[in-house]
file target-v2.cif (mmCIF, C-alpha atoms)
data_target
loop_
_atom_site.label_atom_id
_atom_site.label_comp_id
_atom_site.auth_asym_id
_atom_site.auth_seq_id
_atom_site.Cartn_x
_atom_site.Cartn_y
_atom_site.Cartn_z
CA MET A 73 20.47 -39.71 47.65
CA ASN A 74 19.58 -43.01 49.29
CA SER A 75 17.36 -46.01 48.68
CA GLN A 76 14.23 -43.98 49.55
CA THR A 77 14.97 -41.08 47.18
CA VAL A 78 12.10 -40.34 44.78
CA ILE A 79 13.24 -39.46 41.25
CA MET A 80 11.79 -36.90 38.83
CA GLY A 81 13.29 -35.72 35.59
CA LEU A 82 13.17 -34.08 32.19
CA LEU A 83 12.67 -35.82 28.84
CA GLY A 84 14.05 -33.86 25.91
CA HIS A 85 16.58 -33.84 23.07
CA PRO A 86 18.93 -32.11 23.72
CA VAL A 87 18.77 -31.35 27.46
CA SER A 88 22.32 -30.39 28.41
CA HIS A 89 21.40 -26.68 28.44
CA SER A 90 18.39 -27.10 30.72
CA LEU A 91 18.14 -25.21 34.02
CA SER A 92 15.30 -27.43 35.26
CA PRO A 93 17.53 -29.76 37.34
CA LEU A 94 19.11 -26.81 39.17
CA MET A 95 15.71 -25.23 39.80
CA HIS A 96 13.90 -28.35 41.01
CA ASN A 97 16.70 -29.74 43.12
CA ARG A 98 16.97 -26.38 44.87
CA ALA A 99 13.22 -26.54 45.58
CA PHE A 100 13.51 -30.06 47.03
CA ASP A 101 16.35 -28.91 49.27
CA VAL A 102 14.40 -25.89 50.51
CA LEU A 103 11.46 -28.08 51.58
CA GLY A 104 13.66 -30.91 52.86
CA LEU A 105 12.19 -33.45 50.45
CA ASN A 106 14.05 -36.66 49.67
CA MET A 107 13.66 -36.15 45.94
CA ARG A 108 16.06 -35.59 43.04
CA TYR A 109 15.60 -34.35 39.48
CA ALA A 110 17.72 -35.41 36.49
CA ALA A 111 17.78 -34.59 32.77
CA PHE A 112 17.38 -37.47 30.30
CA ASP A 113 18.39 -36.98 26.66
CA VAL A 114 15.93 -39.14 24.70
CA GLU A 115 16.03 -39.55 20.95
CA PRO A 116 12.58 -39.13 19.34
CA ALA A 117 12.42 -42.76 18.19
CA ARG A 118 12.77 -43.94 21.79
CA ILE A 119 10.21 -41.72 23.51
CA GLY A 120 7.80 -44.63 24.01
CA GLU A 121 10.50 -46.58 25.85
CA ALA A 122 11.30 -43.54 27.96
CA VAL A 123 7.67 -43.11 29.00
CA ALA A 124 7.42 -46.82 29.85
CA SER A 125 10.48 -46.43 32.07
CA ILE A 126 8.57 -43.94 34.24
CA ARG A 127 6.32 -46.82 35.30
CA ALA A 128 9.05 -49.46 35.35
CA LEU A 129 11.43 -47.43 37.53
CA GLY A 130 8.77 -45.85 39.70
CA LEU A 131 9.58 -42.24 38.84
CA ARG A 132 7.08 -39.85 40.40
CA GLY A 133 6.90 -37.84 37.21
CA VAL A 134 8.76 -35.90 34.55
CA ASN A 135 8.77 -32.68 32.61
CA VAL A 136 8.70 -32.94 28.83
CA THR A 137 10.38 -30.50 26.48
CA ILE A 138 11.23 -30.18 22.79
CA PRO A 139 10.82 -32.31 20.70
CA HIS A 140 8.65 -34.68 22.77
CA LYS A 141 5.68 -32.59 23.95
CA VAL A 142 3.40 -34.04 21.29
CA GLY A 143 4.99 -37.47 20.88
CA VAL A 144 4.52 -38.48 24.52
CA MET A 145 0.75 -38.11 24.37
CA GLU A 146 -0.01 -41.45 22.69
CA HIS A 147 1.88 -43.27 25.44
CA LEU A 148 -0.08 -41.83 28.39
CA ASP A 149 -3.09 -43.27 30.20
CA GLU A 150 -4.88 -39.94 30.60
CA ILE A 151 -4.49 -36.40 29.29
CA ASP A 152 -5.84 -33.35 31.08
CA GLU A 153 -8.44 -31.32 29.16
CA GLU A 154 -6.20 -28.26 28.94
CA ALA A 155 -3.26 -30.27 27.58
CA ARG A 156 -5.54 -31.97 25.08
CA PHE A 157 -6.72 -28.60 23.76
CA ILE A 158 -3.18 -27.28 23.52
CA GLY A 159 -2.11 -30.49 21.83
CA ALA A 160 1.00 -30.88 23.94
CA VAL A 161 2.10 -32.19 27.34
CA ASN A 162 4.93 -30.70 29.40
CA THR A 163 4.29 -32.53 32.70
CA ILE A 164 3.64 -36.21 33.43
CA VAL A 165 2.51 -37.41 36.86
CA ASN A 166 2.78 -41.07 37.86
CA GLU A 167 -0.22 -41.93 40.03
CA ASN A 168 0.46 -45.51 41.12
CA GLY A 169 1.46 -46.58 37.63
CA ARG A 170 -1.15 -44.51 35.82
CA LEU A 171 0.51 -41.76 33.78
CA ILE A 172 -1.39 -38.48 33.48
CA GLY A 173 -0.33 -35.67 31.16
CA TYR A 174 -0.72 -31.96 31.91
CA ASN A 175 0.41 -28.70 30.35
CA THR A 176 1.49 -26.02 32.83
CA ASP A 177 3.01 -23.58 30.33
CA GLY A 178 0.01 -21.29 29.91
CA ARG A 179 -0.94 -21.18 33.58
CA GLY A 180 2.70 -20.63 34.48
CA TYR A 181 2.80 -17.70 32.08
CA VAL A 182 -0.35 -16.07 33.45
CA ARG A 183 0.77 -16.55 37.05
CA SER A 184 4.06 -14.87 36.22
CA LEU A 185 2.42 -12.03 34.29
CA VAL A 186 -0.11 -11.20 37.01
CA GLU A 187 2.22 -11.57 39.99
CA GLU A 188 5.10 -9.65 38.44
CA THR A 189 3.15 -6.79 36.87
CA GLY A 190 -0.13 -6.59 38.80
CA VAL A 191 -2.05 -6.44 35.52
CA VAL A 192 -5.83 -6.95 35.72
CA LEU A 193 -6.51 -9.19 32.73
CA ALA A 194 -10.25 -8.49 32.67
CA GLU A 195 -9.44 -4.87 31.80
CA GLN A 196 -7.00 -5.56 28.94
CA SER A 197 -7.14 -5.88 25.20
CA ALA A 198 -4.29 -8.05 23.93
CA LEU A 199 -2.35 -8.65 20.75
CA MET A 200 -0.45 -11.94 20.54
CA LEU A 201 2.39 -12.48 18.07
CA GLY A 202 2.47 -16.12 16.95
CA ALA A 203 -0.02 -18.98 16.85
CA GLY A 204 2.18 -21.99 17.60
CA GLY A 205 2.21 -24.38 20.54
CA ALA A 206 3.34 -21.79 23.08
CA ALA A 207 0.68 -19.37 21.86
CA ARG A 208 -2.07 -21.98 22.23
CA GLY A 209 -1.23 -22.58 25.88
CA VAL A 210 -0.87 -18.90 26.70
CA ALA A 211 -4.09 -17.90 24.90
CA PHE A 212 -6.08 -20.64 26.64
CA ALA A 213 -4.83 -19.52 30.05
CA LEU A 214 -5.35 -15.81 29.37
CA LEU A 215 -8.98 -16.34 28.35
CA ALA A 216 -9.56 -18.67 31.30
CA SER A 217 -8.30 -15.84 33.53
CA GLY A 218 -10.82 -13.35 32.15
CA LEU A 219 -9.11 -11.62 29.23
CA PRO A 220 -12.03 -10.24 27.14
CA LYS A 221 -10.31 -9.36 23.85
CA LEU A 222 -7.49 -11.09 21.98
CA ILE A 223 -6.04 -10.50 18.52
CA ILE A 224 -3.80 -13.31 17.25
CA ALA A 225 -1.27 -12.46 14.55
CA ASN A 226 0.68 -15.06 12.62
CA ARG A 227 2.82 -15.11 9.48
CA THR A 228 0.42 -17.71 8.10
CA ARG A 229 -3.09 -16.29 8.54
CA GLU A 230 -4.70 -19.74 8.34
CA LYS A 231 -2.91 -20.86 11.50
CA ALA A 232 -4.20 -17.84 13.41
CA ASP A 233 -7.71 -18.49 12.05
CA SER A 234 -7.55 -22.09 13.25
CA LEU A 235 -6.51 -21.08 16.77
CA VAL A 236 -9.25 -18.45 16.95
CA ARG A 237 -11.86 -21.04 15.94
CA ASP A 238 -10.61 -23.49 18.57
CA LEU A 239 -10.59 -20.86 21.30
CA GLY A 240 -14.01 -19.56 20.27
CA ARG A 241 -15.60 -22.95 20.88
CA ILE A 242 -14.41 -22.89 24.50
CA TYR A 243 -14.69 -19.15 25.17
CA PRO A 244 -17.60 -17.92 23.01
CA GLN A 245 -17.92 -14.76 25.12
CA ALA A 246 -14.42 -13.55 24.19
CA GLN A 247 -13.80 -11.13 21.33
CA LEU A 248 -11.30 -13.00 19.16
CA THR A 249 -9.66 -11.87 15.92
CA ALA A 250 -7.10 -13.44 13.60
CA ILE A 251 -4.77 -11.34 11.45
CA CYS A 252 -1.61 -11.87 9.44
CA THR A 253 1.70 -10.44 10.60
CA GLU A 254 1.58 -7.62 8.04
CA GLU A 255 -1.49 -6.20 9.81
CA VAL A 256 0.11 -5.98 13.25
CA ASP A 257 1.38 -2.41 12.91
CA ALA A 258 -2.14 -1.04 12.53
CA CYS A 259 -3.38 -2.85 15.67
CA VAL A 260 -0.75 -1.96 18.25
CA ALA A 261 -2.13 1.50 18.98
CA ASP A 262 -5.48 0.03 20.10
CA VAL A 263 -4.26 -2.63 22.56
CA THR A 264 -2.89 -2.49 26.10
CA LEU A 265 -1.07 -5.85 26.24
CA LEU A 266 1.40 -7.15 23.64
CA ILE A 267 2.51 -10.78 23.97
CA GLN A 268 5.41 -12.14 21.90
CA THR A 269 5.38 -15.96 21.63
CA THR A 270 7.67 -16.57 18.64
CA SER A 271 11.42 -17.36 18.64
CA ILE A 272 12.30 -13.99 17.09
CA GLY A 273 14.91 -12.31 19.27
CA MET A 274 16.15 -15.49 20.94
CA HIS A 275 19.89 -15.97 21.47
CA PRO A 276 22.02 -15.69 19.40
CA HIS A 277 19.82 -13.35 17.32
CA ILE A 278 19.53 -10.81 20.12
CA ASP A 279 19.33 -7.70 17.92
CA VAL A 280 16.20 -8.77 16.05
CA SER A 281 12.65 -7.83 17.00
CA PRO A 282 9.28 -8.97 15.58
CA LEU A 283 7.96 -5.40 15.67
CA ASP A 284 9.36 -2.05 14.53
CA ALA A 285 10.01 0.06 17.62
CA LYS A 286 8.15 3.04 16.16
CA TYR A 287 4.81 1.28 16.72
CA LEU A 288 5.34 0.79 20.46
CA HIS A 289 3.80 3.25 22.91
CA ASP A 290 3.82 4.02 26.62
CA GLY A 291 0.32 2.65 27.15
CA LEU A 292 1.51 -0.90 26.53
CA LEU A 293 2.54 -3.76 28.75
CA VAL A 294 4.95 -5.73 26.55
CA SER A 295 5.56 -9.38 27.43
CA ASP A 296 8.10 -11.64 25.71
CA LEU A 297 8.18 -15.41 26.37
CA ILE A 298 11.89 -15.58 25.48
CA TYR A 299 14.21 -15.67 28.51
CA ASN A 300 17.59 -15.92 26.78
CA PRO A 301 18.43 -13.07 26.62
CA LEU A 302 16.57 -11.86 29.70
CA ASP A 303 15.79 -8.58 27.93
CA THR A 304 15.10 -9.06 24.23
CA LYS A 305 15.33 -6.24 21.72
CA LEU A 306 11.55 -5.97 21.83
CA LEU A 307 11.65 -5.44 25.60
CA ARG A 308 14.52 -2.97 25.33
CA ASP A 309 12.64 -0.99 22.67
CA ALA A 310 9.48 -1.05 24.78
CA ALA A 311 11.27 0.22 27.88
CA TYR A 312 12.83 3.04 25.82
CA VAL A 313 9.39 4.44 24.88
CA GLY A 314 8.11 4.13 28.46
CA ALA A 315 6.09 0.93 28.11
CA ARG A 316 6.03 -1.58 30.96
CA THR A 317 7.81 -4.86 30.27
CA HIS A 318 7.55 -8.49 31.38
CA ARG A 319 10.35 -11.02 30.91
CA GLY A 320 9.86 -14.62 29.83
CA VAL A 321 11.91 -16.11 32.66
CA GLY A 322 8.91 -15.99 35.00
CA MET A 323 6.97 -18.36 32.74
CA PHE A 324 9.80 -20.89 32.92
CA ILE A 325 9.89 -20.65 36.71
CA TYR A 326 6.15 -20.88 37.29
CA GLN A 327 5.49 -23.68 34.79
CA GLY A 328 8.10 -25.59 36.75
CA ALA A 329 6.54 -24.60 40.05
CA LEU A 330 3.17 -25.95 38.92
CA SER A 331 4.81 -29.24 37.86
CA PHE A 332 6.51 -29.39 41.26
CA GLU A 333 3.14 -28.97 42.97
CA TYR A 334 1.58 -31.78 40.94
CA TRP A 335 4.37 -34.14 42.00
CA THR A 336 4.79 -33.15 45.65
CA LYS A 337 1.31 -31.88 46.62
CA GLN A 338 3.15 -29.00 48.31
CA GLN A 339 3.46 -25.32 47.45
CA ALA A 340 6.61 -24.71 45.43
CA PRO A 341 9.23 -22.33 46.90
CA ALA A 342 8.97 -20.06 43.85
CA GLN A 343 11.24 -17.33 45.18
CA GLU A 344 14.14 -19.71 45.77
CA MET A 345 13.52 -21.31 42.37
CA ARG A 346 13.68 -17.85 40.79
CA GLU A 347 16.91 -16.97 42.58
CA THR A 348 18.54 -20.18 41.36
CA VAL A 349 17.50 -19.62 37.74
CA MET A 350 18.47 -15.95 37.73
CA ASP A 351 21.87 -16.74 39.19
CA ALA A 352 22.46 -19.38 36.52
CA LEU A 353 21.35 -17.10 33.69
CA THR A 354 23.41 -14.19 34.97
CA HIS A 355 26.59 -16.24 35.17
CA ARG A 356 26.04 -18.38 32.07
CA LYS A 357 28.58 -17.66 29.36
#
call {"tool": "encode", "arguments": {"input": "target-v2.cif", "output": "structure tokens"}}
result
Amino acid sequence: MNSQTVIMGLLGHPVSHSLSPLMHNRAFDVLGLNMRYAAFDVEPARIGEAVASIRALGLRGVNVTIPHKVGVMEHLDEIDEEARFIGAVNTIVNENGRLIGYNTDGRGYVRSLVEETGVVLAEQSALMLGAGGAARGVAFALLASGLPKLIIANRTREKADSLVRDLGRIYPQAQLTAICTEEVDACVADVTLLIQTTSIGMHPHIDVSPLDAKYLHDGLLVSDLIYNPLDTKLLRDAAYVGARTHRGVGMFIYQGALSFEYWTKQQAPAQEMRETVMDALTHRK
């Protein structure tokens, strides 16, 4: 670092577990950019001060993670249409003192899904487990990429209904259905893409799955947003019956790559970013 180094960072609480600094600093090194990325642990009551510091200190931008993705929005000058629909921001760009909020989660997910599996979304029928913030971003991006049919299942049916109504206003041509979790078993046989967006199966609860393995079949592509563990019980069960699987780590990498591209105006070195993250996850105790 020197007096010309441009600073980026992460706003969250906590942030000590984050792999974002490793991933982004590796990307800066690969492209020879005089930039550095740090993690800032910000208590919720001080998020407004933290956002103001982006302007005051001349940071180029930041990522935003739990619990600040919603709270930052009132402190920004502009919010991208996609982020406004999702109701959350995960990337802030400082354009000469004007702070603009974006959400790269959904697009990062779709980029990962398509590049890693070769799936043609226009030919799929999908079932999504969950209707929370992650699901909103993923559903928006899937429909924007041509997915024609989406069933959204949630423990609380009303939340799935609300998301379907919101999506239907933007994508009236899509076939959208809301169901409660108890109805999932009857739907799995008729879909080709299963997307798991909840926290079920996340470390340390690695032997729990949101779906009984007996309902999985070899005609499915099963995608889980969780990346710790790399292979959740759902993915292990899916592989056992011959279904194709897609890990959540790619979403983390590509949402970061899209943030990187907003800040630098250069193509992110995604392969090197992936290698750094995979090495860290493999050796993390």
call {"tool": "residues_around", "arguments": {"input": "target-v2.cif", "residues": "range 311-315 of chain A", "least_positions_apart": "6", "cutoff": "6 Å", "atoms": "all atoms listed in the file", "output": "list of chain:residue names"}}
result
A:Asp290, A:Leu292, A:Leu293
call {"tool": "residues_around", "arguments": {"input": "target-v2.cif", "residues": "Ala198 in chain A", "least_positions_apart": "3", "cutoff": "7 Å", "atoms": "all atoms listed in the file", "output": "NGL selection string"}}
result
:A and (221-223 or 263-266)
call {"tool": "residues_around", "arguments": {"input": "target-v2.cif", "residues": "Gly202 in chain A", "least_positions_apart": "5", "cutoff": "8 Å", "atoms": "only C-alpha atoms", "output": "MDAnalysis selection string"}}
result
chainID A and resid 207 224:227 232 268:270
call {"tool": "closest_residue", "arguments": {"input": "target-v2.cif", "among": "A:Asn106, A:Thr354, A:Ser92, A:Asn168", "to": "Ile126 in chain A", "atoms": "all atoms listed in the file"}}
result
A:Asn168
call {"tool": "resolve_selection", "arguments": {"input": "target-v2.cif", "expression": "the PyMOL selection byres ((chain A and resi 318) around 12)", "output": "VMD selection string"}}
result
chain A and resid 181 to 191 265 to 268 292 to 299 302 to 304 306 to 308 310 to 311 315 to 317 319 to 323
call {"tool": "closest_residue", "arguments": {"input": "target-v2.cif", "among": "A:Glu344, A:Glu154, A:Glu254, A:Asp238", "to": "Asp101 in chain A", "atoms": "only C-alpha atoms"}}
result
A:Glu344
call {"tool": "resolve_selection", "arguments": {"input": "target-v2.cif", "expression": "the PyMOL selection byres ((chain A and resi 330-337) around 9)", "output": "list of chain:residue names"}}
result
A:Met80, A:His96, A:Ala99, A:Leu105, A:Arg132, A:Gly133, A:Val134, A:Asn135, A:Asn162, A:Thr163, A:Ile164, A:Val165, A:Asn166, A:Tyr174, A:Asn175, A:Thr176, A:Asp177, A:Arg179, A:Gly180, A:Ile325, A:Tyr326, A:Gln327, A:Gly328, A:Ala329, A:Gln338, A:Gln339, A:Ala340
call {"tool": "atom_distance", "arguments": {"input": "target-v2.cif", "atom1": "CA of Pro116 in chain A", "atom2": "CA of Asn97 in chain A"}}
result
25.9 Å
call {"tool": "closest_residue", "arguments": {"input": "target-v2.cif", "among": "A:Cys252, A:Ala206, A:Ala246, A:Ala213", "to": "Ser271 in chain A", "atoms": "only C-alpha atoms"}}
result
A:Ala206
call {"tool": "atom_distance", "arguments": {"input": "target-v2.cif", "atom1": "CA of Ala124 in chain A", "atom2": "CA of Gly205 in chain A"}}
result
24.8 Å
call {"tool": "atom_distance", "arguments": {"input": "target-v2.cif", "atom1": "CA of Phe112 in chain A", "atom2": "CA of Leu83 in chain A"}}
result
5.2 Å
call {"tool": "build_atoms", "arguments": {"input": "target-v2.cif", "residues": "range 224-260 of chain A", "atoms": "N, CA and C atoms", "output": "mmCIF file, in the coordinates of the input"}}
result
data_model
loop_
_atom_site.group_PDB
_atom_site.id
_atom_site.type_symbol
_atom_site.label_atom_id
_atom_site.label_comp_id
_atom_site.auth_asym_id
_atom_site.auth_seq_id
_atom_site.Cartn_x
_atom_site.Cartn_y
_atom_site.Cartn_z
ATOM 1 N N ILE A 224 -4.903 -12.371 17.472
ATOM 2 C CA ILE A 224 -3.800 -13.310 17.250
ATOM 3 C C ILE A 224 -3.229 -13.076 15.858
ATOM 4 N N ALA A 225 -1.939 -12.750 15.810
ATOM 5 C CA ALA A 225 -1.270 -12.460 14.550
ATOM 6 C C ALA A 225 -0.257 -13.553 14.241
ATOM 7 N N ASN A 226 -0.271 -14.024 13.008
ATOM 8 C CA ASN A 226 0.680 -15.060 12.620
ATOM 9 C C ASN A 226 1.099 -14.843 11.169
ATOM 10 N N ARG A 227 2.319 -15.246 10.849
ATOM 11 C CA ARG A 227 2.820 -15.110 9.480
ATOM 12 C C ARG A 227 1.889 -15.817 8.507
ATOM 13 N N THR A 228 1.406 -16.992 8.894
ATOM 14 C CA THR A 228 0.420 -17.710 8.100
ATOM 15 C C THR A 228 -0.963 -17.455 8.701
ATOM 16 N N ARG A 229 -1.780 -16.698 8.012
ATOM 17 C CA ARG A 229 -3.090 -16.290 8.540
ATOM 18 C C ARG A 229 -3.959 -17.495 8.893
ATOM 19 N N GLU A 230 -3.861 -18.568 8.110
ATOM 20 C CA GLU A 230 -4.700 -19.740 8.340
ATOM 21 C C GLU A 230 -4.469 -20.343 9.724
ATOM 22 N N LYS A 231 -3.228 -20.306 10.190
ATOM 23 C CA LYS A 231 -2.910 -20.860 11.500
ATOM 24 C C LYS A 231 -3.541 -20.026 12.606
ATOM 25 N N ALA A 232 -3.545 -18.722 12.444
ATOM 26 C CA ALA A 232 -4.200 -17.840 13.410
ATOM 27 C C ALA A 232 -5.711 -18.057 13.381
ATOM 28 N N ASP A 233 -6.280 -18.208 12.176
ATOM 29 C CA ASP A 233 -7.710 -18.490 12.050
ATOM 30 C C ASP A 233 -8.090 -19.771 12.774
ATOM 31 N N SER A 234 -7.274 -20.808 12.615
ATOM 32 C CA SER A 234 -7.550 -22.090 13.250
ATOM 33 C C SER A 234 -7.552 -21.973 14.773
ATOM 34 N N LEU A 235 -6.576 -21.249 15.318
ATOM 35 C CA LEU A 235 -6.510 -21.080 16.770
ATOM 36 C C LEU A 235 -7.702 -20.280 17.279
ATOM 37 N N VAL A 236 -8.084 -19.253 16.563
ATOM 38 C CA VAL A 236 -9.250 -18.450 16.950
ATOM 39 C C VAL A 236 -10.514 -19.306 16.965
ATOM 40 N N ARG A 237 -10.676 -20.160 15.966
ATOM 41 C CA ARG A 237 -11.860 -21.040 15.940
ATOM 42 C C ARG A 237 -11.852 -21.987 17.139
ATOM 43 N N ASP A 238 -10.707 -22.566 17.439
ATOM 44 C CA ASP A 238 -10.610 -23.490 18.570
ATOM 45 C C ASP A 238 -10.921 -22.797 19.888
ATOM 46 N N LEU A 239 -10.355 -21.615 20.064
ATOM 47 C CA LEU A 239 -10.590 -20.860 21.300
ATOM 48 C C LEU A 239 -12.050 -20.417 21.404
ATOM 49 N N GLY A 240 -12.633 -20.043 20.274
ATOM 50 C CA GLY A 240 -14.010 -19.560 20.270
ATOM 51 C C GLY A 240 -15.010 -20.610 20.706
ATOM 52 N N ARG A 241 -14.698 -21.880 20.453
ATOM 53 C CA ARG A 241 -15.600 -22.950 20.880
ATOM 54 C C ARG A 241 -15.617 -23.100 22.401
ATOM 55 N N ILE A 242 -14.513 -22.755 23.050
ATOM 56 C CA ILE A 242 -14.410 -22.890 24.500
ATOM 57 C C ILE A 242 -14.775 -21.586 25.203
ATOM 58 N N TYR A 243 -14.435 -20.466 24.569
ATOM 59 C CA TYR A 243 -14.690 -19.150 25.170
ATOM 60 C C TYR A 243 -15.512 -18.298 24.198
ATOM 61 N N PRO A 244 -16.791 -18.647 23.997
ATOM 62 C CA PRO A 244 -17.600 -17.920 23.010
ATOM 63 C C PRO A 244 -17.854 -16.465 23.390
ATOM 64 N N GLN A 245 -17.677 -16.132 24.679
ATOM 65 C CA GLN A 245 -17.920 -14.760 25.120
ATOM 66 C C GLN A 245 -16.767 -13.825 24.779
ATOM 67 N N ALA A 246 -15.603 -14.372 24.458
ATOM 68 C CA ALA A 246 -14.420 -13.550 24.190
ATOM 69 C C ALA A 246 -14.482 -12.952 22.785
ATOM 70 N N GLN A 247 -13.904 -11.776 22.645
ATOM 71 C CA GLN A 247 -13.800 -11.130 21.330
ATOM 72 C C GLN A 247 -12.454 -11.543 20.730
ATOM 73 N N LEU A 248 -12.505 -12.415 19.726
ATOM 74 C CA LEU A 248 -11.300 -13.000 19.160
ATOM 75 C C LEU A 248 -11.152 -12.632 17.690
ATOM 76 N N THR A 249 -9.923 -12.281 17.291
ATOM 77 C CA THR A 249 -9.660 -11.870 15.920
ATOM 78 C C THR A 249 -8.356 -12.485 15.443
ATOM 79 N N ALA A 250 -8.322 -12.932 14.211
ATOM 80 C CA ALA A 250 -7.100 -13.440 13.600
ATOM 81 C C ALA A 250 -6.639 -12.484 12.511
ATOM 82 N N ILE A 251 -5.340 -12.196 12.488
ATOM 83 C CA ILE A 251 -4.770 -11.340 11.450
ATOM 84 C C ILE A 251 -3.448 -11.945 10.996
ATOM 85 N N CYS A 252 -2.937 -11.464 9.857
ATOM 86 C CA CYS A 252 -1.610 -11.870 9.440
ATOM 87 C C CYS A 252 -0.593 -10.874 9.979
ATOM 88 N N THR A 253 0.649 -11.257 9.991
ATOM 89 C CA THR A 253 1.700 -10.440 10.600
ATOM 90 C C THR A 253 1.759 -9.047 9.987
ATOM 91 N N GLU A 254 1.505 -8.930 8.703
ATOM 92 C CA GLU A 254 1.580 -7.620 8.040
ATOM 93 C C GLU A 254 0.570 -6.616 8.583
ATOM 94 N N GLU A 255 -0.468 -7.100 9.270
ATOM 95 C CA GLU A 255 -1.490 -6.200 9.810
ATOM 96 C C GLU A 255 -1.226 -5.754 11.238
ATOM 97 N N VAL A 256 -0.162 -6.255 11.835
ATOM 98 C CA VAL A 256 0.110 -5.980 13.250
ATOM 99 C C VAL A 256 0.291 -4.492 13.519
ATOM 100 N N ASP A 257 1.047 -3.809 12.659
ATOM 101 C CA ASP A 257 1.380 -2.410 12.910
ATOM 102 C C ASP A 257 0.143 -1.554 13.154
ATOM 103 N N ALA A 258 -0.925 -1.847 12.421
ATOM 104 C CA ALA A 258 -2.140 -1.040 12.530
ATOM 105 C C ALA A 258 -2.926 -1.331 13.804
ATOM 106 N N CYS A 259 -2.614 -2.444 14.480
ATOM 107 C CA CYS A 259 -3.380 -2.850 15.670
ATOM 108 C C CYS A 259 -2.757 -2.424 16.984
ATOM 109 N N VAL A 260 -1.456 -2.181 16.992
ATOM 110 C CA VAL A 260 -0.750 -1.960 18.250
ATOM 111 C C VAL A 260 -1.287 -0.750 19.015
#
